[in-house]
>>> print(open('my_file-v5.txt').read())   # compact mmCIF, C-alpha atoms
# COMPACT_ATOMS: atom_id res chain seq x y z
CA MET A 1 35.77 -17.32 49.89
CA PHE A 2 34.68 -19.45 46.96
CA SER A 3 32.93 -16.41 45.49
CA MET A 4 36.15 -14.41 45.87
CA LEU A 5 38.00 -17.19 44.09
CA TRP A 6 35.44 -17.10 41.33
CA ARG A 7 35.95 -13.37 40.88
CA PHE A 8 39.73 -13.72 41.11
CA PHE A 9 40.05 -15.47 37.74
CA PRO A 10 39.37 -13.47 34.59
CA GLY A 11 37.53 -14.55 31.46
CA PRO A 12 34.17 -16.01 30.64
CA ALA A 13 32.48 -18.60 32.84
CA TRP A 14 33.62 -21.62 30.84
CA LEU A 15 37.24 -20.48 30.98
CA ARG A 16 37.01 -19.84 34.71
CA ILE A 17 35.66 -23.33 35.23
CA ILE A 18 38.51 -24.86 33.26
CA VAL A 19 41.14 -22.78 35.06
CA MET A 20 39.67 -23.60 38.45
CA LEU A 21 39.54 -27.31 37.64
CA ALA A 22 43.19 -27.13 36.62
CA VAL A 23 44.10 -25.37 39.86
CA PHE A 24 42.10 -27.95 41.82
CA ALA A 25 43.90 -30.79 40.04
CA GLY A 26 47.22 -29.15 40.90
CA ILE A 27 46.29 -28.90 44.56
CA VAL A 28 45.18 -32.54 44.65
CA TYR A 29 48.45 -33.59 43.01
CA ALA A 30 50.50 -31.62 45.53
CA LEU A 31 48.53 -33.12 48.41
CA VAL A 32 48.83 -36.70 47.19
CA PHE A 33 52.55 -36.61 46.45
CA TYR A 34 53.85 -34.07 48.97
CA GLY A 35 51.22 -33.06 51.51
CA TYR A 36 49.87 -36.43 52.63
CA PRO A 37 53.24 -38.27 52.76
CA TRP A 38 54.53 -35.46 54.94
CA VAL A 39 51.53 -35.67 57.27
CA ALA A 40 51.82 -39.46 57.42
CA GLN A 41 55.20 -39.13 59.17
CA PHE A 42 53.45 -37.70 62.18
CA VAL A 43 50.52 -40.09 62.25
CA ASP A 44 51.68 -42.98 64.37
CA SER A 45 50.44 -46.44 63.57
CA GLU A 46 47.71 -47.41 65.98
CA GLU A 47 48.36 -50.98 65.07
CA ILE A 48 50.48 -53.16 67.30
CA SER A 49 50.40 -56.36 65.21
CA THR A 50 52.50 -58.31 67.69
CA VAL A 51 51.29 -60.66 70.41
CA GLY A 52 52.51 -60.55 73.98
CA SER A 53 54.42 -57.50 75.08
CA MET B 54 12.02 -15.61 35.20
CA ALA B 55 13.86 -14.06 38.11
CA GLY B 56 17.57 -14.60 37.55
CA ARG B 57 19.85 -15.83 40.29
CA HIS B 58 21.61 -12.52 40.39
CA THR B 59 18.66 -10.20 40.68
CA PRO B 60 18.25 -10.17 44.49
CA ARG B 61 21.80 -8.96 45.09
CA GLN B 62 23.97 -7.21 42.60
CA ARG B 63 26.49 -9.44 40.85
CA GLY B 64 29.74 -9.56 42.79
CA ARG B 65 28.65 -6.91 45.21
CA ALA B 66 27.58 -9.19 48.05
CA ARG B 67 29.54 -8.68 51.25
CA LEU B 68 31.59 -11.64 52.34
CA SER B 69 30.04 -12.85 55.55
CA PRO B 70 32.51 -14.33 58.07
CA LEU B 71 30.12 -17.22 58.61
CA THR B 72 30.26 -18.08 54.93
CA VAL B 73 34.04 -18.04 54.99
CA ILE B 74 34.16 -20.24 58.08
CA GLY B 75 31.70 -22.64 56.51
CA GLU B 76 33.67 -22.83 53.31
CA LEU B 77 36.92 -23.36 55.20
CA LEU B 78 35.33 -26.17 57.22
CA PHE B 79 34.05 -27.72 54.01
CA LEU B 80 37.51 -27.50 52.49
CA SER B 81 39.27 -29.04 55.50
CA GLY B 82 36.68 -31.81 55.49
CA LEU B 83 37.55 -32.56 51.88
CA ILE B 84 41.26 -32.59 52.71
CA VAL B 85 40.74 -35.04 55.60
CA VAL B 86 38.56 -37.33 53.49
CA GLY B 87 41.25 -37.12 50.84
CA TYR B 88 43.83 -38.36 53.36
CA ILE B 89 41.62 -41.30 54.31
CA VAL B 90 41.28 -42.25 50.64
CA TRP B 91 44.95 -41.60 49.94
CA GLN B 92 46.34 -43.73 52.74
CA PRO B 93 45.21 -47.22 51.64
CA TRP B 94 46.09 -46.30 48.08
CA TYR B 95 49.55 -45.29 49.21
CA THR B 96 50.24 -48.34 51.40
CA GLY B 97 48.58 -50.65 48.88
CA THR B 98 50.23 -49.38 45.71
CA VAL B 99 53.24 -47.16 46.28
CA VAL B 100 54.75 -49.00 49.24
CA VAL B 101 54.08 -52.40 47.66
CA ALA B 102 55.86 -51.34 44.46
CA GLU B 103 58.75 -50.00 46.54
CA GLN B 104 59.02 -53.33 48.37
CA ALA B 105 59.05 -55.26 45.10
CA LYS B 106 61.94 -53.13 43.87
CA LEU B 107 63.86 -53.45 47.14
CA ALA B 108 63.28 -57.18 47.17
CA GLN B 109 64.80 -57.58 43.74
CA GLY B 110 68.02 -56.00 44.93
CA PHE B 111 68.03 -57.93 48.17
CA SER B 112 67.36 -61.20 46.36
CA ALA B 113 70.56 -60.65 44.38
CA GLU B 114 72.40 -59.96 47.64
CA LEU B 115 71.09 -63.21 49.09
CA LYS B 116 72.23 -65.08 46.02
CA ALA B 117 75.72 -63.68 46.46
CA ALA B 118 75.71 -64.78 50.10
CA ALA B 119 74.61 -68.33 49.28
CA PRO B 120 76.61 -71.11 50.98
CA THR B 121 79.42 -72.47 48.84
CA GLU B 122 79.38 -76.10 50.04
CA PRO B 123 76.95 -78.34 48.11
CA TYR B 124 73.57 -79.20 49.61
CA ASP B 125 73.73 -82.39 51.66
CA GLY B 126 70.00 -83.10 51.83
CA VAL B 127 69.54 -81.81 55.37
CA VAL B 128 67.38 -78.69 55.60
CA PRO B 129 69.82 -76.05 56.88
CA VAL B 130 68.94 -73.72 59.71
CA ALA B 131 68.96 -70.11 58.55
CA ALA B 132 71.73 -68.09 60.20
CA ARG B 133 70.42 -65.91 63.02
CA PRO B 134 70.87 -62.29 61.96
CA PRO B 135 71.72 -59.32 64.19
CA ILE B 136 68.72 -57.45 65.57
CA ASN B 137 66.86 -55.12 63.15
CA GLU B 138 68.78 -56.48 60.18
CA THR B 139 67.04 -57.65 57.01
CA PHE B 140 67.82 -61.34 56.43
CA GLY B 141 65.18 -62.76 54.13
CA LEU B 142 62.27 -62.30 51.79
CA MET B 143 58.72 -63.59 51.98
CA TYR B 144 56.72 -64.32 48.84
CA ILE B 145 52.99 -64.87 49.27
CA PRO B 146 51.21 -65.38 45.93
CA ALA B 147 47.86 -65.36 47.76
CA PHE B 148 48.45 -61.65 48.46
CA GLY B 149 49.07 -60.96 44.77
CA SER B 150 51.25 -62.78 42.26
CA THR B 151 54.15 -60.35 42.68
CA PHE B 152 53.87 -59.90 46.45
CA VAL B 153 57.23 -59.93 48.16
CA ASN B 154 58.45 -58.29 51.36
CA ASN B 155 61.68 -58.06 53.29
CA ILE B 156 61.92 -59.86 56.63
CA ALA B 157 64.02 -58.29 59.38
CA GLU B 158 65.03 -59.56 62.80
CA GLY B 159 63.01 -58.31 65.77
CA VAL B 160 59.53 -56.82 66.04
CA SER B 161 60.38 -53.28 67.09
CA ARG B 162 57.74 -50.97 65.66
CA SER B 163 60.06 -48.05 65.09
CA GLU B 164 62.91 -50.16 63.68
CA VAL B 165 61.09 -52.83 61.70
CA LEU B 166 57.29 -52.91 61.52
CA ASN B 167 56.76 -49.24 60.66
CA VAL B 168 59.69 -49.06 58.28
CA THR B 169 58.90 -49.24 54.58
CA GLU B 170 62.16 -51.05 53.77
CA LYS B 171 61.43 -53.81 56.30
CA GLY B 172 57.81 -54.29 57.32
CA ILE B 173 57.87 -57.94 58.37
CA GLY B 174 59.63 -58.64 61.66
CA HIS B 175 60.79 -61.98 63.06
CA TYR B 176 60.13 -62.50 66.78
CA ASP B 177 63.77 -62.87 67.80
CA LYS B 178 62.88 -65.27 70.65
CA THR B 179 61.35 -67.78 68.22
CA GLN B 180 63.13 -70.27 65.98
CA MET B 181 64.62 -69.64 62.54
CA PRO B 182 63.55 -71.37 59.30
CA GLY B 183 64.93 -74.90 59.24
CA GLU B 184 64.68 -75.38 63.02
CA ALA B 185 62.02 -77.63 64.50
CA GLY B 186 59.62 -75.21 66.13
CA ASN B 187 58.09 -71.91 65.28
CA PHE B 188 59.39 -69.28 62.88
CA ALA B 189 57.05 -66.47 63.96
CA VAL B 190 56.80 -63.12 62.22
CA ALA B 191 54.66 -60.02 62.64
CA ALA B 192 53.58 -57.25 60.26
CA HIS B 193 50.93 -54.56 60.04
CA ARG B 194 47.63 -55.14 58.37
CA SER B 195 46.35 -51.58 58.11
CA GLY B 196 47.50 -48.12 59.05
CA PRO B 197 49.52 -45.28 57.61
CA ARG B 198 52.72 -47.26 57.11
CA THR B 199 53.75 -50.37 55.28
CA THR B 200 51.12 -53.12 55.60
CA PRO B 201 52.50 -56.43 54.29
CA PHE B 202 49.80 -58.60 55.88
CA LYS B 203 46.90 -56.50 54.59
CA GLU B 204 45.39 -59.46 52.71
CA ILE B 205 45.98 -62.15 55.32
CA MET B 206 42.36 -63.30 54.94
CA ASN B 207 43.13 -64.29 51.34
CA LEU B 208 45.10 -67.32 52.54
CA ARG B 209 43.39 -70.63 51.80
CA LEU B 210 44.30 -74.14 52.92
CA GLY B 211 47.40 -75.33 51.08
CA ASP B 212 48.48 -71.90 49.80
CA SER B 213 52.24 -71.60 49.51
CA ILE B 214 54.31 -69.08 51.44
CA TYR B 215 57.93 -68.87 50.33
CA VAL B 216 60.73 -67.67 52.56
CA GLN B 217 64.02 -66.92 50.85
CA THR B 218 67.21 -66.66 52.91
CA ALA B 219 70.87 -66.93 51.97
CA GLU B 220 70.57 -70.71 52.53
CA GLY B 221 67.76 -71.18 50.03
CA TRP B 222 64.00 -71.35 49.66
CA TYR B 223 61.71 -72.63 52.40
CA THR B 224 58.22 -73.43 51.12
CA TYR B 225 55.46 -73.41 53.71
CA LYS B 226 51.85 -74.54 53.21
CA PHE B 227 49.17 -72.49 54.90
CA ARG B 228 47.09 -74.53 57.35
CA SER B 229 44.78 -72.38 59.44
CA ILE B 230 44.00 -69.01 60.87
CA GLU B 231 42.73 -68.09 64.32
CA TYR B 232 41.85 -64.97 66.25
CA VAL B 233 43.36 -64.38 69.65
CA LEU B 234 43.56 -61.63 72.21
CA PRO B 235 46.70 -59.47 72.13
CA GLU B 236 48.20 -61.01 75.28
CA GLU B 237 48.03 -64.61 74.06
CA SER B 238 51.69 -64.95 73.25
CA ASP B 239 51.52 -68.76 73.44
CA VAL B 240 50.94 -68.73 69.68
CA LEU B 241 54.70 -68.10 69.49
CA LEU B 242 55.67 -71.28 71.37
CA PRO B 243 57.70 -73.92 69.47
CA PHE B 244 54.51 -75.98 69.50
CA PRO B 245 51.96 -73.17 69.19
CA ARG B 246 49.45 -73.05 72.05
CA LEU B 247 51.05 -75.94 73.99
CA ASP B 248 53.45 -74.87 76.70
CA GLY B 249 56.37 -77.13 77.53
CA VAL B 250 56.01 -79.27 74.41
CA PRO B 251 59.09 -79.35 72.19
CA GLY B 252 58.61 -78.27 68.60
CA VAL B 253 58.13 -81.11 66.16
CA ASP B 254 57.07 -79.59 62.85
CA GLN B 255 58.65 -76.56 61.30
CA ILE B 256 55.95 -73.97 61.62
CA LEU B 257 55.65 -70.50 60.19
CA THR B 258 53.38 -68.22 62.19
CA LEU B 259 52.17 -64.88 60.87
CA THR B 260 50.73 -62.50 63.43
CA THR B 261 48.93 -59.30 62.56
CA CYS B 262 46.11 -57.06 63.70
CA HIS B 263 42.45 -57.77 63.69
CA PRO B 264 40.04 -56.28 62.73
CA LYS B 265 41.44 -54.79 59.56
CA ASP B 266 41.32 -50.98 59.46
CA PHE B 267 39.77 -50.79 62.93
CA GLY B 268 42.58 -50.80 65.45
CA SER B 269 44.15 -53.72 67.22
CA ASP B 270 41.72 -55.18 69.73
CA GLU B 271 42.52 -58.68 68.53
CA ARG B 272 45.20 -60.50 66.58
CA ALA B 273 44.86 -62.68 63.51
CA ILE B 274 47.28 -65.60 63.57
CA ALA B 275 48.02 -67.64 60.44
CA TYR B 276 49.88 -70.95 60.68
CA ALA B 277 51.79 -72.68 57.92
CA VAL B 278 53.95 -75.81 57.96
CA LEU B 279 57.23 -76.39 56.13
CA ASP B 280 56.59 -78.42 53.02
CA ASN B 281 59.80 -78.26 51.06
CA PHE B 282 63.27 -76.79 51.04
CA GLN B 283 65.27 -75.94 47.98
CA PRO B 284 68.94 -74.86 48.27
CA ALA B 285 69.87 -71.48 46.88
CA SER B 286 71.91 -73.12 44.14
CA ASP B 287 68.71 -74.63 42.66
CA GLY B 288 67.10 -71.22 42.18
CA PRO B 289 63.53 -70.26 43.06
CA PRO B 290 60.86 -72.97 43.40
CA VAL B 291 59.14 -73.80 40.10
CA ASN B 292 55.67 -73.09 41.47
CA LEU B 293 56.71 -69.60 42.52
CA LEU B 294 58.27 -68.94 39.11
CA LYS B 295 55.00 -69.95 37.51
CA VAL B 296 53.05 -67.20 39.29
CA ASN B 297 55.85 -64.64 39.26
CA PRO B 298 58.26 -65.27 36.35
CA ASP B 299 60.19 -62.05 37.06
CA ILE B 300 61.88 -63.56 40.11
CA GLY B 301 64.23 -65.66 37.97
CA LYS B 302 65.43 -62.61 36.07
CA ALA B 303 66.81 -60.79 39.08
>>> encode(input="my_file-v5.txt", output="structure tokens")
Amino acid sequence: MFSMLWRFFPGPAWLRIIVMLAVFAGIVYALVFYGYPWVAQFVDSEEISTVGS
Amino acid sequence: MAGRHTPRQRGRARLSPLTVIGELLFLSGLIVVGYIVWQPWYTGTVVVAEQAKLAQGFSAELKAAAPTEPYDGVVPVAARPPINETFGLMYIPAFGSTFVNNIAEGVSRSEVLNVTEKGIGHYDKTQMPGEAGNFAVAAHRSGPRTTPFKEIMNLRLGDSIYVQTAEGWYTYKFRSIEYVLPEESDVLLPFPRLDGVPGVDQILTLTTCHPKDFGSDERAIAYAVLDNFQPASDGPPVNLLKVNPDIGKA
């Protein structure tokens, strides 16, 4: 899969590395600002924080 | 020197399903680790900034709702709000000089404790600020949602905790912290831990989870005692303005 990705981008090795880093940064950005907040809605707090019932 | 590519022709290697599965597992592992890193960053930075902004607006609302009659020297009892409604703000400089969080009535998880706009909940069966007895509140310490009491262990003897309501500013001094089991609700009594004894001091009790980041097997309970009251007309307490000068500007 990673090797396919490597072959997917054109250009010399240094350019491929730069392009793939840029794509990686984009994915991380999307995860941090859209992906994870969306997932967090479904993760219920395990904390109770209150005493008694 | 035998190059890396000599054994198999460059780009000709067949994609083995095992390799793909391995790489996918690796990738999902990275994504999960990313979530674990993201979550405290999110609750610690983004939600805290959101609260500070909300608080500024709510502080102005409280100012507008301030009582019109002049202060007569008797600490007023804060009006009891309807359930789930935001009625005050809590400033705790020990949690960070700009720390502020809304306080809402009731400790429902879905309506108050898990909600970014609220976060701190007042046990509606306990007293209000200004009443002799126990003004007890709860908030999360860790988890995927808002976590106002994350830094509860930063409190040191004599640290100030400010509660702002429409009536004014109640300044509490932190006294002590203790760990209890979840069912020990006697920390909420008017005289904490002593059943049947009427409340004498005006106590603020913070309850949250313990241990931090590892579930809720125990509770951390922080006690503070009312030290001073300042009517809304006098503005924020000087000591709070010193650590957080922005409050006056709102």
>>> interface_residues(input="my_file-v5.txt", of="chain A", to="chain B", cutoff="6 Å", atoms="all atoms listed in the file", output="list in words")
Met1, Ser45, Glu47, Ser49, Thr50, Val51 and Gly52 of chain A
>>> write_last_selection(input="my_file-v5.txt", atoms="C-alpha atoms", output="PDB file, in the frame of the given file")
ATOM      1  CA  MET A   1      35.770 -17.320  49.890  1.00  0.00           C
ATOM      2  CA  SER A  45      50.440 -46.440  63.570  1.00  0.00           C
ATOM      3  CA  GLU A  47      48.360 -50.980  65.070  1.00  0.00           C
ATOM      4  CA  SER A  49      50.400 -56.360  65.210  1.00  0.00           C
ATOM      5  CA  THR A  50      52.500 -58.310  67.690  1.00  0.00           C
ATOM      6  CA  VAL A  51      51.290 -60.660  70.410  1.00  0.00           C
ATOM      7  CA  GLY A  52      52.510 -60.550  73.980  1.00  0.00           C
TER       8      GLY A  52
END
>>> atom_distance(input="my_file-v5.txt", atom1="atom CA of B:Val86", atom2="atom CA of A:Ala30")
15.4 Å
>>> atom_distance(input="my_file-v5.txt", atom1="atom CA of B:Ala117", atom2="atom CA of B:Ala219")
8.0 Å
>>> closest_residue(input="my_file-v5.txt", among="B:Val127, B:Ile214, B:Leu78, B:Val100", to="B:Pro284", atoms="only C-alpha atoms")
B:Val127
>>> closest_residue(input="my_file-v5.txt", among="B:Ala131, B:Ile230, B:Ser112, B:Leu80", to="A:Phe2", atoms="only C-alpha atoms")
B:Leu80
>>> atom_distance(input="my_file-v5.txt", atom1="atom CA of B:Gly141", atom2="atom CA of B:Gly183")
13.2 Å
>>> closest_residue(input="my_file-v5.txt", among="B:Ala102, B:Leu294, B:Leu242, B:Ala157", to="B:Gln180", atoms="all atoms listed in the file")
B:Leu242
>>> decode(input="my_file-v5.txt", residues="stretch 188-229 of chain B", atoms="C-alpha atoms", output="PDB file, in the first residue's frame")
ATOM      1  CA  PHE B 188     -22.208  25.225  47.921  1.00  0.00           C
ATOM      2  CA  ALA B 189     -21.145  21.996  46.212  1.00  0.00           C
ATOM      3  CA  VAL B 190     -20.248  21.718  42.551  1.00  0.00           C
ATOM      4  CA  ALA B 191     -18.995  18.946  40.281  1.00  0.00           C
ATOM      5  CA  ALA B 192     -17.001  18.922  37.042  1.00  0.00           C
ATOM      6  CA  HIS B 193     -14.943  16.513  34.986  1.00  0.00           C
ATOM      7  CA  ARG B 194     -11.237  16.174  35.428  1.00  0.00           C
ATOM      8  CA  SER B 195     -10.348  14.165  32.332  1.00  0.00           C
ATOM      9  CA  GLY B 196     -12.129  12.660  29.378  1.00  0.00           C
ATOM     10  CA  PRO B 197     -13.216  13.616  25.896  1.00  0.00           C
ATOM     11  CA  ARG B 198     -15.388  16.552  26.922  1.00  0.00           C
ATOM     12  CA  THR B 199     -14.927  19.743  28.846  1.00  0.00           C
ATOM     13  CA  THR B 200     -12.709  19.238  31.913  1.00  0.00           C
ATOM     14  CA  PRO B 201     -12.817  22.322  34.151  1.00  0.00           C
ATOM     15  CA  PHE B 202     -11.316  20.608  37.202  1.00  0.00           C
ATOM     16  CA  LYS B 203      -8.385  19.082  35.304  1.00  0.00           C
ATOM     17  CA  GLU B 204      -5.824  20.869  37.509  1.00  0.00           C
ATOM     18  CA  ILE B 205      -7.549  20.423  40.860  1.00  0.00           C
ATOM     19  CA  MET B 206      -4.271  19.215  42.378  1.00  0.00           C
ATOM     20  CA  ASN B 207      -2.778  22.665  41.724  1.00  0.00           C
ATOM     21  CA  LEU B 208      -4.807  24.130  44.593  1.00  0.00           C
ATOM     22  CA  ARG B 209      -2.702  25.132  47.584  1.00  0.00           C
ATOM     23  CA  LEU B 210      -3.777  26.284  51.036  1.00  0.00           C
ATOM     24  CA  GLY B 211      -5.181  29.808  50.859  1.00  0.00           C
ATOM     25  CA  ASP B 212      -5.635  29.892  47.071  1.00  0.00           C
ATOM     26  CA  SER B 213      -8.582  32.014  46.027  1.00  0.00           C
ATOM     27  CA  ILE B 214     -11.590  30.688  44.152  1.00  0.00           C
ATOM     28  CA  TYR B 215     -13.948  33.382  42.896  1.00  0.00           C
ATOM     29  CA  VAL B 216     -17.613  32.785  42.194  1.00  0.00           C
ATOM     30  CA  GLN B 217     -19.414  35.495  40.275  1.00  0.00           C
ATOM     31  CA  THR B 218     -23.216  35.633  40.291  1.00  0.00           C
ATOM     32  CA  ALA B 219     -25.657  38.420  39.527  1.00  0.00           C
ATOM     33  CA  GLU B 220     -25.402  39.433  43.219  1.00  0.00           C
ATOM     34  CA  GLY B 221     -21.644  39.915  43.156  1.00  0.00           C
ATOM     35  CA  TRP B 222     -18.336  38.213  43.819  1.00  0.00           C
ATOM     36  CA  TYR B 223     -17.891  35.512  46.445  1.00  0.00           C
ATOM     37  CA  THR B 224     -14.241  34.872  47.275  1.00  0.00           C
ATOM     38  CA  TYR B 225     -13.435  31.484  48.753  1.00  0.00           C
ATOM     39  CA  LYS B 226     -10.100  30.354  50.200  1.00  0.00           C
ATOM     40  CA  PHE B 227      -9.038  26.809  49.483  1.00  0.00           C
ATOM     41  CA  ARG B 228      -8.538  24.748  52.640  1.00  0.00           C
ATOM     42  CA  SER B 229      -8.002  21.074  51.921  1.00  0.00           C
TER      43      SER B 229
END
